[in-house]
Every structure is written in structure tokens, then in C-alpha cells.
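Peer 1: Sending over a structure as C-alpha cells; questions will come in a sec.
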Amino acid sequence: MQKKIQLTLAGAAVAALAGCTDPAYITGQPAANPKTTGGVALGAALGGLIGSTIGSKDATSIAAGAVAGAVVGGLVGQQLDKQKRELEASLANDEITVTNTGNELIVLMPQGILFDTDSSVVKSSLYGDLGALSANLRNYPDSTVLIAGHTDNVGAADYNLTLSQERASAVSRILQSDGVAPGRISAVGYGEDQPVASNLNEEGRAQNRRVEIVIRPNA
């Protein structure tokens with residue numbers, strides 16, 4: 001019964017904070033987009049869970065953990081909003097997209113603007129945008145960066161896997177040469193295993209050939 005009350009209170013805190021916590025109340029800044037609310041809700045849920053599992057079994061501690069988690073989640077969401085706006089303003093190539101999921105930023109670069117076919121040598125025309133990304137990452141140092149290479153399914157799977165890894169590593173080297181700390185960066189090739197569109201037509205295959213830079217704020 002006590003456990004049920006605890007979970008109910010934590011859930012209520014999540015719902016209340018997600019529904020009515022205005023980021024302007026937390027920071028005094030204008031309200032951010034709905035992704036920030038998602039960060040608030042996730043932070044509240046995690047805070048409530050922590051409050052209920054690290055030795056504080058009373059309902060007050062759970063609710064307090066939810067509130068603290070919501071504040072942290074809201075601040076993270078607002079920082080991601082700000083970082084996204086600054087990064088987008090600094091990028092010259094409009095084929096590069098930046099998405100804020102509420103917990104991380106995903107910078108998507110189509111393979112066509114980064115590499116020639118079957119090549120892992122970054123095109124010189126993208127150096128400026130990679131430099132802008134590096135500067136943004138240096139301005140927001142409290143995060144980790146996953147560089148993920150992806151291909152379509154044309155050709156041998158083993159070849160595609162190796163090529164995607166080489167491309168991710170090539171982007172990683174440029175970011176590091178531009179001053180992003182190597183310890184923040186990991187580069188992984190997924191080959192053809194994570195398509196975002198159909199490989200049955202050229203339009204879909206073009207979407208699958210990509211590099212994603214995932215920026216995750218440190219907890």
C-alpha cells in the first residue's frame with residue numbers, strides 16, 4: 001500500500017510538472033518549444049525514481065526528487081534549444097538538419113554532401129560547416145558526441161559496414177583537429193543495419209546514406 005502511494009505521488013508530480021511547469025518560471029527566460037517539456041517530464045520521472053530507490057522511501061522524498069529532476073530536465077531542454085539555434089545559425093549548408101529530441105541533438109548530414117561514392121574522404125566544401133559544428137561543441141563542452149555512419153544496402157554488407165566506420169572516423173578526426181576533446185567523441189559504423197527509409201528506390205537509399213552526430217548532455 002505504501003509503495004502504491006509513493007508511486008502515485010511520483011506520477012502526480014510528473015504529470016503536474018510536465019503539464020504546467022513553465023521554463024520561464026525556472027530561468028526567467030521565454031518558454032522554449034515543446035521538447036523542453038519532454039525534458040521536464042523525463043527529469044521528473046527519473047528524479048522520482050531515484051528518490052524512491054536510494055534509501056528514501058517516504059513520499060516526501062519521492063516528490064522532492066521528482067521536482068529536482070524536473071528542474072534539471074527543464075534546464076537541459078532549454079540548453080539544447082539554445083545550442084540548436086546557435087548551431088543552425090552557423091551552418092551554411094541547408095541540407096544539414098539539426099533535431100532536438102528533448103534529450104539530445106541529432107545533426108544529420110547526408111552522405112552526398114560529405115563524401116563521394118565509395119569514398120571516406122570528407123569533401124573540402126564541408127570543412128566550414130564541420131568547423132562551425134566544432135565551435136559549437138567547444139562552446140557547450142558538457143556533452144558527449146556519437147558520430148554514426150550509415151549506408152544503404154547496395155553492395156556487400158561487410159564492405160558497407162567498413163565504409164560507414166571509416167566515414168564516421170573521418171568526421172571524428174576533423175572535429176578533434178578543430179579542438180573538440182577526443183574523450184568526448186566516439187565514432188561507430190552501422191553499415192546498412194539502421195535504415196530510415198526504404199532501400200527499394202533511390203530516394204530512400206539516399207536518405208539511408210548519412211552521418212549522424214548525436215550530442216548528448218552529460219547527466
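Ligands are numbered from 1 in the order shown, chains are lettered A, B, ... in the order of the C-alpha cells, and residues start at 1 in each chain.
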Compile the contact shell of Ile106 of chain A as a PyMOL selection string: residues with an atom at most 8 Å away, counting only C-alpha atoms, same-chain residues fewer than 6 positions apart removed.
Peer 2: chain A and resi 97-100+212-215
Peer 1: I'd like the neighbourhood of Arg216 of chain A as a list in words, where a residue qualifies if any of its atoms comes within 6 Å (using only C-alpha atoms), though same-chain residues fewer than 6 positions away should be ignored.
Peer 2: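 Residues near the query, excluding close chain neighbours: Glu104, Ser143 and Thr144 of chain A.
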Peer 1: From the list A:Ala168, A:Ala157, A:Ile113, A:Leu126, which residue is nearest Glu95 of chain A when using only C-alpha atoms?
Peer 2: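 For Glu95 of chain A, the nearest of the given residues is A:Ile113.
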Peer 1: Show which residues sit within 12 Å of Gln83 of chain A, as a PDB file with C-alpha atoms, in the first residue's frame. Count only C-alpha atoms, and ignore same-chain residues fewer than 3 positions away.
Peer 2:
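Written file, out31.pdb:
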```pdb
ATOM      1  CA  VAL A  76      18.784  20.665 -20.082  1.00  0.00           C
ATOM      2  CA  GLY A  77      15.925  21.114 -22.530  1.00  0.00           C
ATOM      3  CA  GLN A  78      16.435  24.864 -22.633  1.00  0.00           C
ATOM      4  CA  GLN A  79      20.173  24.478 -23.167  1.00  0.00           C
ATOM      5  CA  LEU A  80      19.522  22.151 -26.099  1.00  0.00           C
ATOM      6  CA  GLU A  86      23.162  28.778 -32.429  1.00  0.00           C
ATOM      7  CA  LEU A  87      24.307  25.778 -34.444  1.00  0.00           C
ATOM      8  CA  GLU A  88      21.667  26.250 -37.145  1.00  0.00           C
ATOM      9  CA  ALA A  89      22.623  29.924 -37.464  1.00  0.00           C
ATOM     10  CA  SER A  90      26.270  28.980 -38.047  1.00  0.00           C
ATOM     11  CA  VAL A  98      19.511  19.677 -36.511  1.00  0.00           C
ATOM     12  CA  THR A  99      16.809  17.947 -34.455  1.00  0.00           C
ATOM     13  CA  ASN A 100      16.206  18.414 -30.739  1.00  0.00           C
ATOM     14  CA  GLU A 104      19.836  15.174 -27.299  1.00  0.00           C
ATOM     15  CA  LEU A 105      20.606  16.956 -30.552  1.00  0.00           C
ATOM     16  CA  ILE A 106      20.904  14.967 -33.767  1.00  0.00           C
ATOM     17  CA  VAL A 107      22.863  16.642 -36.549  1.00  0.00           C
ATOM     18  CA  LEU A 133      29.947  22.283 -35.510  1.00  0.00           C
ATOM     19  CA  ALA A 135      32.999  25.587 -32.453  1.00  0.00           C
ATOM     20  CA  ASN A 136      29.501  24.867 -31.181  1.00  0.00           C
ATOM     21  CA  LEU A 137      30.710  21.748 -29.379  1.00  0.00           C
ATOM     22  CA  ARG A 138      33.539  23.702 -27.785  1.00  0.00           C
ATOM     23  CA  ASN A 139      31.031  26.299 -26.589  1.00  0.00           C
ATOM     24  CA  TYR A 140      28.961  23.511 -24.993  1.00  0.00           C
ATOM     25  CA  PRO A 141      31.641  21.211 -23.560  1.00  0.00           C
ATOM     26  CA  ASP A 142      29.460  19.317 -21.073  1.00  0.00           C
ATOM     27  CA  SER A 143      28.287  16.649 -23.506  1.00  0.00           C
ATOM     28  CA  ILE A 215      25.091  15.335 -28.979  1.00  0.00           C
ATOM     29  CA  ARG A 216      24.108  14.113 -25.517  1.00  0.00           C
ATOM     30  CA  PRO A 217      24.360  16.418 -22.468  1.00  0.00           C
TER      31      PRO A 217
END
```
Peer 1: Considering only C-alpha atoms, return as a list in words whatever protein or nucleic-acid residues lie within 9 Å of Asn208 of chain A, sequence-local ones (same chain, fewer than 5 positions apart) excluded.
Peer 2: Pro110, Gln111, His150, Thr151, Asp152, Asn153, Glu192, Gln194, Pro195, Val196, Ala197, Ser198, Asn199 and Glu203 of chain A
Peer 1: Distance atom CA of Asp129 of chain A-atom CA of Ala170 of chain A, one decimal place?
Peer 2: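 Going from atom CA of Asp129 of chain A over to atom CA of Ala170 of chain A, I get 14.5 Å.
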Peer 1: Give me the residues near Gly149 of chain A as a PyMOL selection string, where near means some atom within 7 Å (using only C-alpha atoms) and where sequence neighbours in that chain fewer than 5 positions away do not count.
Peer 2: chain A and resi 164-165+167-168+188-191+210-212
Peer 1: Quick one: DSSP strand (DSSP E or B) residues in segment 160-216 of chain A, as number ranges by chain?
Peer 2: A: 185-189, 210-216
Peer 1: Restrict the selected residues to N, CA and C atoms and save them as a PDB file, in the first residue's frame.
Peer 2:
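Output saved as out-v5.pdb:
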```
ATOM      1  N   ILE A 185      34.298  12.072 -27.852  1.00  0.00           N
ATOM      2  CA  ILE A 185      33.809  11.591 -29.144  1.00  0.00           C
ATOM      3  C   ILE A 185      33.953  10.075 -29.269  1.00  0.00           C
ATOM      4  N   SER A 186      32.909   9.444 -29.786  1.00  0.00           N
ATOM      5  CA  SER A 186      33.007   8.054 -30.222  1.00  0.00           C
ATOM      6  C   SER A 186      32.469   7.973 -31.646  1.00  0.00           C
ATOM      7  N   ALA A 187      33.095   7.151 -32.472  1.00  0.00           N
ATOM      8  CA  ALA A 187      32.710   7.001 -33.873  1.00  0.00           C
ATOM      9  C   ALA A 187      32.350   5.547 -34.129  1.00  0.00           C
ATOM     10  N   VAL A 188      31.167   5.334 -34.678  1.00  0.00           N
ATOM     11  CA  VAL A 188      30.660   3.977 -34.883  1.00  0.00           C
ATOM     12  C   VAL A 188      30.080   3.871 -36.291  1.00  0.00           C
ATOM     13  N   GLY A 189      30.377   2.768 -36.974  1.00  0.00           N
ATOM     14  CA  GLY A 189      29.768   2.484 -38.264  1.00  0.00           C
ATOM     15  C   GLY A 189      28.689   1.420 -38.123  1.00  0.00           C
ATOM     16  N   ARG A 210      24.129   8.347 -44.800  1.00  0.00           N
ATOM     17  CA  ARG A 210      24.172   9.546 -43.960  1.00  0.00           C
ATOM     18  C   ARG A 210      25.179   9.371 -42.840  1.00  0.00           C
ATOM     19  N   VAL A 211      25.516  10.506 -42.238  1.00  0.00           N
ATOM     20  CA  VAL A 211      26.259  10.520 -40.980  1.00  0.00           C
ATOM     21  C   VAL A 211      25.439  11.322 -39.986  1.00  0.00           C
ATOM     22  N   GLU A 212      25.237  10.754 -38.814  1.00  0.00           N
ATOM     23  CA  GLU A 212      24.514  11.438 -37.745  1.00  0.00           C
ATOM     24  C   GLU A 212      25.475  11.749 -36.607  1.00  0.00           C
ATOM     25  N   ILE A 213      25.451  13.002 -36.158  1.00  0.00           N
ATOM     26  CA  ILE A 213      26.239  13.400 -34.992  1.00  0.00           C
ATOM     27  C   ILE A 213      25.258  13.615 -33.851  1.00  0.00           C
ATOM     28  N   VAL A 214      25.312  12.761 -32.841  1.00  0.00           N
ATOM     29  CA  VAL A 214      24.372  12.791 -31.732  1.00  0.00           C
ATOM     30  C   VAL A 214      25.064  13.433 -30.534  1.00  0.00           C
ATOM     31  N   ILE A 215      24.513  14.563 -30.083  1.00  0.00           N
ATOM     32  CA  ILE A 215      25.091  15.335 -28.979  1.00  0.00           C
ATOM     33  C   ILE A 215      24.250  15.095 -27.744  1.00  0.00           C
ATOM     34  N   ARG A 216      24.840  14.496 -26.724  1.00  0.00           N
ATOM     35  CA  ARG A 216      24.108  14.113 -25.517  1.00  0.00           C
ATOM     36  C   ARG A 216      24.665  14.851 -24.300  1.00  0.00           C
TER      37      ARG A 216
END
```
Peer 1: Rounded to one decimal place, report the atom CA of Lys123 of chain A-atom CA of Val171 of chain A distance in Å.
Peer 2: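 A separation of 10.5 Å between them.
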Peer 1: Report, in Å to a single decimal, how far apart atom CA of Thr101 of chain A and atom CA of Gly128 of chain A are.
Peer 2: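 Between atom CA of Gly128 of chain A and atom CA of Thr101 of chain A the gap works out to 25.3 Å.
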Peer 1: Can you tell me, as an mmCIF file with C-alpha atoms, in the first residue's frame, what residues are no more than 12 Å from Ser177 of chain A when counting only C-alpha atoms, ignoring any on the same chain fewer than 4 positions away?
Peer 2:
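Dumped everything to around_38.cif:
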```cif
data_model
loop_
_atom_site.group_PDB
_atom_site.id
_atom_site.type_symbol
_atom_site.label_atom_id
_atom_site.label_comp_id
_atom_site.auth_asym_id
_atom_site.auth_seq_id
_atom_site.Cartn_x
_atom_site.Cartn_y
_atom_site.Cartn_z
ATOM 1 C CA TYR A 127 35.064 21.804 -43.812
ATOM 2 C CA LEU A 130 32.282 20.926 -39.657
ATOM 3 C CA GLY A 131 34.302 23.817 -38.248
ATOM 4 C CA SER A 134 33.298 22.016 -33.735
ATOM 5 C CA ALA A 135 32.999 25.587 -32.453
ATOM 6 C CA ALA A 170 36.935 10.693 -40.764
ATOM 7 C CA VAL A 171 34.388 13.129 -39.347
ATOM 8 C CA SER A 172 35.652 12.415 -35.837
ATOM 9 C CA ARG A 173 39.226 13.270 -36.826
ATOM 10 C CA ALA A 181 38.309 16.843 -26.892
ATOM 11 C CA PRO A 182 38.879 13.276 -28.164
#
```
Peer 1: For a quick check of understanding, using only C-alpha atoms, which of A:Leu161, A:Val154, A:Leu75, A:Leu200 has the smallest distance to Asn103 of chain A?
Peer 2: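 Residue with the minimum atom-to-atom distance to Asn103 of chain A: A:Leu75.
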Peer 1: For a quick check of understanding, using only C-alpha atoms, which of A:Ser125, A:Asp158, A:Leu163, A:Val145 has the smallest distance to Asn218 of chain A?
Peer 2: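 Answer, going by the shortest atom-to-atom distance: A:Val145.
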Peer 1: Could you check which of A:Ile174, A:Ala148, A:Val122, A:Ile96 is closest to Asp193 of chain A, using only C-alpha atoms?
Peer 2: A:Ala148
